Amino acid sequence: MDPDARCRIGVEGPFDLHRTLGRFRHGIHDPTLALSADSVWRATLTNDGPATLRLHHSAGHVDLEAWGPGASRAVASAPALLGLHDRSRRLDGPHEVVRALSRRFEGVHIGRTGNVAEALLPAVCEQKVTGVEAARVYARLVRQFGQVAPGPVPLMVPPAPEVLAAAPSWSFHRAGLERRRATTISAAMDHPARLAECLDLPSTEAQRVLRSFPGIGSWTAAEVASRALGDPDAVPLGDFHLPNTVSWALAGEPRGTDERMLELLEPYAGQRGRVLLLLASGGVQAPRWGPRMAPGDIRRF
């Protein structure tokens, strides 16, 4: 199947396509994004309609092919998605682990999808549950409310805001989402223009707007700012694991708080979210004690 749009973009310096775009993937069964040995496939809903984008990295450039009504817009927004504007990938701070990871993962760019509603859905799914459970719920919602993506691979396009806003509460329950998070999604998606306006605001102001919606707090707003806006300084407060991870990595303390995490990240102001990305890329984890939370499933209730 011939693409509807294509182009080649030059890339300077180290570039890790899979890790750069992998942070937009929500679980290994995410129906909107697929990783192959040499390419990344991503389905999205643009202002011109659905699109599927294939990105292939070779020495010095990325080749793009796109299918669907939104193909041209998807190709035009690809440099931002790839984070080609991101020039601050080498960090020089007081912690050797950060300096070492920034050298090791210099090819990981912080890109932006430019789609707040698209980033908000998985972020709400991830509120206060295990990552496995959140990924399952998100995949079910996409398959239930999204549409088949154009192009040669079996992907799904994330649901449109108006579809989610109009969905009855029982349909969210069928996907495994309880009323609280379902109401959060419906209320926010009922104001797509207000969500889209966040793209033209500084990240701190955009996060304030997001927090004005019921059910959206600091953690969710920061997650959206990181992916939709490409904010390298976004720090999700209230996370179960992150304070422990940062405290362990930067101070050798197995347990931490949000306050301690912010204190340790202060030398990296403006790039604090990048530090979190580097720690995740390096597989850094604090020691875990006690039983792990088991994934839940409310569909049978």
# chains A, B, ... in the order shown; residues from 1 in each chain; ligands from 1
$ residues_around --residues "stretch 96-103 of chain A" --least-positions-apart "3" --cutoff "12 Å" --atoms "only C-alpha atoms" --output "MDAnalysis selection string"
chainID A and resid 14 88:93 106:109 246 248:252 264:265 267:268 271:272 274:284
$ select_by_dssp --residues "stretch 49-264 of chain A" --states "strand (DSSP E or B)" --output "list in words"
Gly49, Pro50, Ala51, Thr52, Leu53, Arg54, Leu55, His56, His57, Ser58, His61, Val62, Asp63, Leu64, Glu65, Ala66, Trp67, Gln147, Val148, Met156 and Val157 of chain A
$ write_last_selection --atoms "N, CA, C and O atoms" --output "compact mmCIF listing (two decimals), in the first residue's frame"
# COMPACT_ATOMS: atom_id res chain seq x y z
N GLY A 49 -7.79 14.41 10.47
CA GLY A 49 -8.30 13.05 10.47
C GLY A 49 -7.25 12.06 10.92
O GLY A 49 -6.13 12.42 11.29
N PRO A 50 -7.58 10.77 10.90
CA PRO A 50 -6.65 9.74 11.37
C PRO A 50 -5.44 9.58 10.46
O PRO A 50 -5.50 9.86 9.27
N ALA A 51 -4.36 9.13 11.06
CA ALA A 51 -3.12 8.90 10.30
C ALA A 51 -2.31 7.80 10.97
O ALA A 51 -2.36 7.61 12.18
N THR A 52 -1.58 7.07 10.14
CA THR A 52 -0.59 6.12 10.63
C THR A 52 0.77 6.56 10.10
O THR A 52 0.92 6.84 8.91
N LEU A 53 1.74 6.65 11.00
CA LEU A 53 3.06 7.14 10.66
C LEU A 53 4.08 6.04 10.88
O LEU A 53 4.11 5.41 11.94
N ARG A 54 4.90 5.79 9.87
CA ARG A 54 6.03 4.87 10.01
C ARG A 54 7.31 5.67 10.00
O ARG A 54 7.55 6.51 9.12
N LEU A 55 8.18 5.43 11.00
CA LEU A 55 9.44 6.14 11.13
C LEU A 55 10.58 5.13 11.12
O LEU A 55 10.56 4.15 11.88
N HIS A 56 11.54 5.36 10.27
CA HIS A 56 12.69 4.47 10.14
C HIS A 56 13.97 5.29 10.22
O HIS A 56 14.16 6.24 9.46
N HIS A 57 14.85 4.92 11.17
CA HIS A 57 16.08 5.68 11.38
C HIS A 57 17.26 5.00 10.71
O HIS A 57 17.50 3.80 10.93
N SER A 58 17.97 5.74 9.90
CA SER A 58 19.25 5.31 9.34
C SER A 58 20.28 6.37 9.68
O SER A 58 19.95 7.42 10.25
N HIS A 61 19.61 10.33 9.30
CA HIS A 61 18.28 10.78 8.88
C HIS A 61 17.20 9.81 9.37
O HIS A 61 17.48 8.68 9.75
N VAL A 62 15.96 10.30 9.34
CA VAL A 62 14.78 9.49 9.62
C VAL A 62 13.87 9.57 8.40
O VAL A 62 13.53 10.67 7.94
N ASP A 63 13.50 8.42 7.87
CA ASP A 63 12.54 8.36 6.76
C ASP A 63 11.13 8.20 7.32
O ASP A 63 10.88 7.37 8.19
N LEU A 64 10.21 8.99 6.77
CA LEU A 64 8.83 8.98 7.23
C LEU A 64 7.90 8.58 6.11
O LEU A 64 8.06 9.05 4.96
N GLU A 65 6.93 7.76 6.43
CA GLU A 65 5.83 7.43 5.53
C GLU A 65 4.54 7.50 6.33
O GLU A 65 4.51 7.10 7.50
N ALA A 66 3.48 8.02 5.71
CA ALA A 66 2.22 8.18 6.44
C ALA A 66 1.04 7.85 5.55
O ALA A 66 1.08 8.06 4.33
N TRP A 67 -0.02 7.33 6.19
CA TRP A 67 -1.23 6.96 5.50
C TRP A 67 -2.42 7.63 6.17
O TRP A 67 -2.39 7.92 7.36
N GLN A 147 -10.82 3.91 16.31
CA GLN A 147 -11.13 3.43 14.97
C GLN A 147 -9.90 2.76 14.37
O GLN A 147 -8.77 3.02 14.78
N VAL A 148 -10.15 1.88 13.42
CA VAL A 148 -9.05 1.18 12.77
C VAL A 148 -8.17 2.19 12.04
O VAL A 148 -8.67 3.07 11.32
N MET A 156 -4.75 0.85 15.95
CA MET A 156 -5.98 1.57 16.23
C MET A 156 -5.66 3.04 16.49
O MET A 156 -4.64 3.37 17.11
N VAL A 157 -6.54 3.92 16.02
CA VAL A 157 -6.41 5.35 16.28
C VAL A 157 -7.08 5.66 17.62
O VAL A 157 -8.19 5.18 17.88
$ residues_around --residues "A:Ala193" --least-positions-apart "6" --cutoff "12 Å" --atoms "only C-alpha atoms" --output "PyMOL selection string"
chain A and resi 47+115-117+161-162+199-200
$ select_by_dssp --residues "stretch 241-284 of chain A" --states "alpha helix (DSSP H)" --output "ChimeraX atom specification"
/A:242-251,258-265,272-281
$ closest_residue --among "A:Thr113, A:Ser203, A:Ser171, A:Ser36" --to "A:Gly83" --atoms "only C-alpha atoms"
A:Thr113
$ residues_around --residues "stretch 176-189 of chain A" --least-positions-apart "3" --cutoff "9 Å" --atoms "only C-alpha atoms" --output "ChimeraX atom specification"
/A:117,120-121,124-125,127,133,136-137,140-141,160-167,169-173,192,194-195,210,213-216,296-300
$ write_last_selection --atoms "N, CA and C atoms" --output "compact mmCIF listing (two decimals), in the first residue's frame"
# COMPACT_ATOMS: atom_id res chain seq x y z
N ALA A 117 -5.43 15.95 24.42
CA ALA A 117 -6.48 14.97 24.68
C ALA A 117 -5.95 13.55 24.53
N LEU A 120 -3.95 12.72 27.56
CA LEU A 120 -4.71 12.73 28.81
C LEU A 120 -5.38 11.38 29.09
N LEU A 121 -5.87 10.71 28.05
CA LEU A 121 -6.59 9.46 28.26
C LEU A 121 -5.73 8.42 28.98
N VAL A 124 -4.95 9.44 32.73
CA VAL A 124 -6.04 9.20 33.69
C VAL A 124 -6.18 7.71 33.98
N CYS A 125 -6.00 6.88 32.95
CA CYS A 125 -6.05 5.43 33.17
C CYS A 125 -4.99 4.98 34.17
N GLN A 127 -3.95 6.57 36.81
CA GLN A 127 -4.09 7.15 38.15
C GLN A 127 -4.28 6.05 39.20
N GLU A 133 -2.37 -2.92 35.04
CA GLU A 133 -3.81 -2.67 34.99
C GLU A 133 -4.13 -1.47 34.10
N ARG A 136 -3.87 -2.31 30.39
CA ARG A 136 -4.99 -3.12 29.93
C ARG A 136 -6.24 -2.28 29.71
N VAL A 137 -6.52 -1.39 30.67
CA VAL A 137 -7.71 -0.54 30.55
C VAL A 137 -7.58 0.39 29.35
N ARG A 140 -8.19 -1.46 26.13
CA ARG A 140 -9.62 -1.76 25.94
C ARG A 140 -10.38 -0.51 25.49
N LEU A 141 -10.08 0.64 26.09
CA LEU A 141 -10.77 1.87 25.72
C LEU A 141 -10.49 2.24 24.27
N ALA A 160 -11.63 9.90 19.58
CA ALA A 160 -11.80 11.35 19.53
C ALA A 160 -12.40 11.85 20.83
N PRO A 161 -12.06 13.07 21.26
CA PRO A 161 -12.61 13.59 22.51
C PRO A 161 -14.13 13.57 22.56
N GLU A 162 -14.79 13.92 21.45
CA GLU A 162 -16.25 13.96 21.47
C GLU A 162 -16.87 12.58 21.67
N VAL A 163 -16.18 11.55 21.21
CA VAL A 163 -16.68 10.19 21.40
C VAL A 163 -16.62 9.82 22.88
N LEU A 164 -15.49 10.13 23.53
CA LEU A 164 -15.35 9.83 24.95
C LEU A 164 -16.30 10.67 25.79
N ALA A 165 -16.50 11.93 25.41
CA ALA A 165 -17.39 12.80 26.18
C ALA A 165 -18.83 12.30 26.15
N ALA A 166 -19.23 11.68 25.03
CA ALA A 166 -20.62 11.23 24.87
C ALA A 166 -20.85 9.80 25.35
N ALA A 167 -19.80 9.10 25.71
CA ALA A 167 -19.93 7.69 26.09
C ALA A 167 -20.63 7.55 27.43
N SER A 169 -21.54 5.97 31.14
CA SER A 169 -20.63 5.52 32.18
C SER A 169 -20.45 4.00 32.18
N TRP A 170 -21.52 3.27 31.83
CA TRP A 170 -21.40 1.81 31.87
C TRP A 170 -20.41 1.29 30.83
N SER A 171 -20.20 2.06 29.74
CA SER A 171 -19.27 1.61 28.72
C SER A 171 -17.82 1.69 29.22
N PHE A 172 -17.53 2.66 30.09
CA PHE A 172 -16.21 2.72 30.69
C PHE A 172 -16.01 1.56 31.67
N HIS A 173 -17.06 1.24 32.41
CA HIS A 173 -16.99 0.13 33.35
C HIS A 173 -16.69 -1.18 32.60
N PRO A 192 -12.77 19.99 24.38
CA PRO A 192 -11.56 19.76 23.56
C PRO A 192 -10.82 21.03 23.19
N ARG A 194 -10.53 23.73 24.99
CA ARG A 194 -9.77 24.19 26.15
C ARG A 194 -8.52 23.33 26.33
N LEU A 195 -8.63 22.03 26.06
CA LEU A 195 -7.45 21.18 26.13
C LEU A 195 -6.43 21.59 25.07
N LEU A 210 -5.01 22.33 33.23
CA LEU A 210 -5.40 20.92 33.35
C LEU A 210 -5.89 20.60 34.76
N PHE A 213 -9.63 21.00 35.86
CA PHE A 213 -10.64 19.98 35.58
C PHE A 213 -10.77 19.06 36.78
N PRO A 214 -11.99 18.66 37.14
CA PRO A 214 -12.15 17.75 38.27
C PRO A 214 -11.48 16.41 38.01
N GLY A 215 -10.76 15.93 39.00
CA GLY A 215 -10.11 14.63 38.89
C GLY A 215 -8.71 14.67 38.32
N ILE A 216 -8.24 15.85 37.89
CA ILE A 216 -6.89 15.98 37.34
C ILE A 216 -6.03 16.75 38.34
N GLY A 296 -5.89 -5.06 39.45
CA GLY A 296 -7.32 -5.26 39.71
C GLY A 296 -8.12 -5.29 38.43
N ASP A 297 -9.39 -5.66 38.55
CA ASP A 297 -10.30 -5.70 37.40
C ASP A 297 -11.72 -5.56 37.93
N ILE A 298 -12.36 -4.42 37.66
CA ILE A 298 -13.70 -4.15 38.20
C ILE A 298 -14.80 -4.63 37.28
N ARG A 299 -14.47 -5.18 36.13
CA ARG A 299 -15.50 -5.48 35.15
C ARG A 299 -16.53 -6.49 35.65
N ARG A 300 -16.14 -7.37 36.59
CA ARG A 300 -17.08 -8.39 37.04
C ARG A 300 -18.02 -7.87 38.12
$ residues_around --residues "stretch 233-241 of chain A" --least-positions-apart "6" --cutoff "6 Å" --atoms "only C-alpha atoms" --output "count of residues only"
8
$ atom_distance --atom1 "atom CA of A:Pro154" --atom2 "atom CA of A:Leu35"
12.4 Å
$ atom_distance --atom1 "atom CA of A:Ala123" --atom2 "atom CA of A:Ala135"
10.2 Å
$ closest_residue --among "A:Pro31, A:Pro287, A:Gly114, A:Gly10" --to "A:Ala43" --atoms "only C-alpha atoms"
A:Pro31
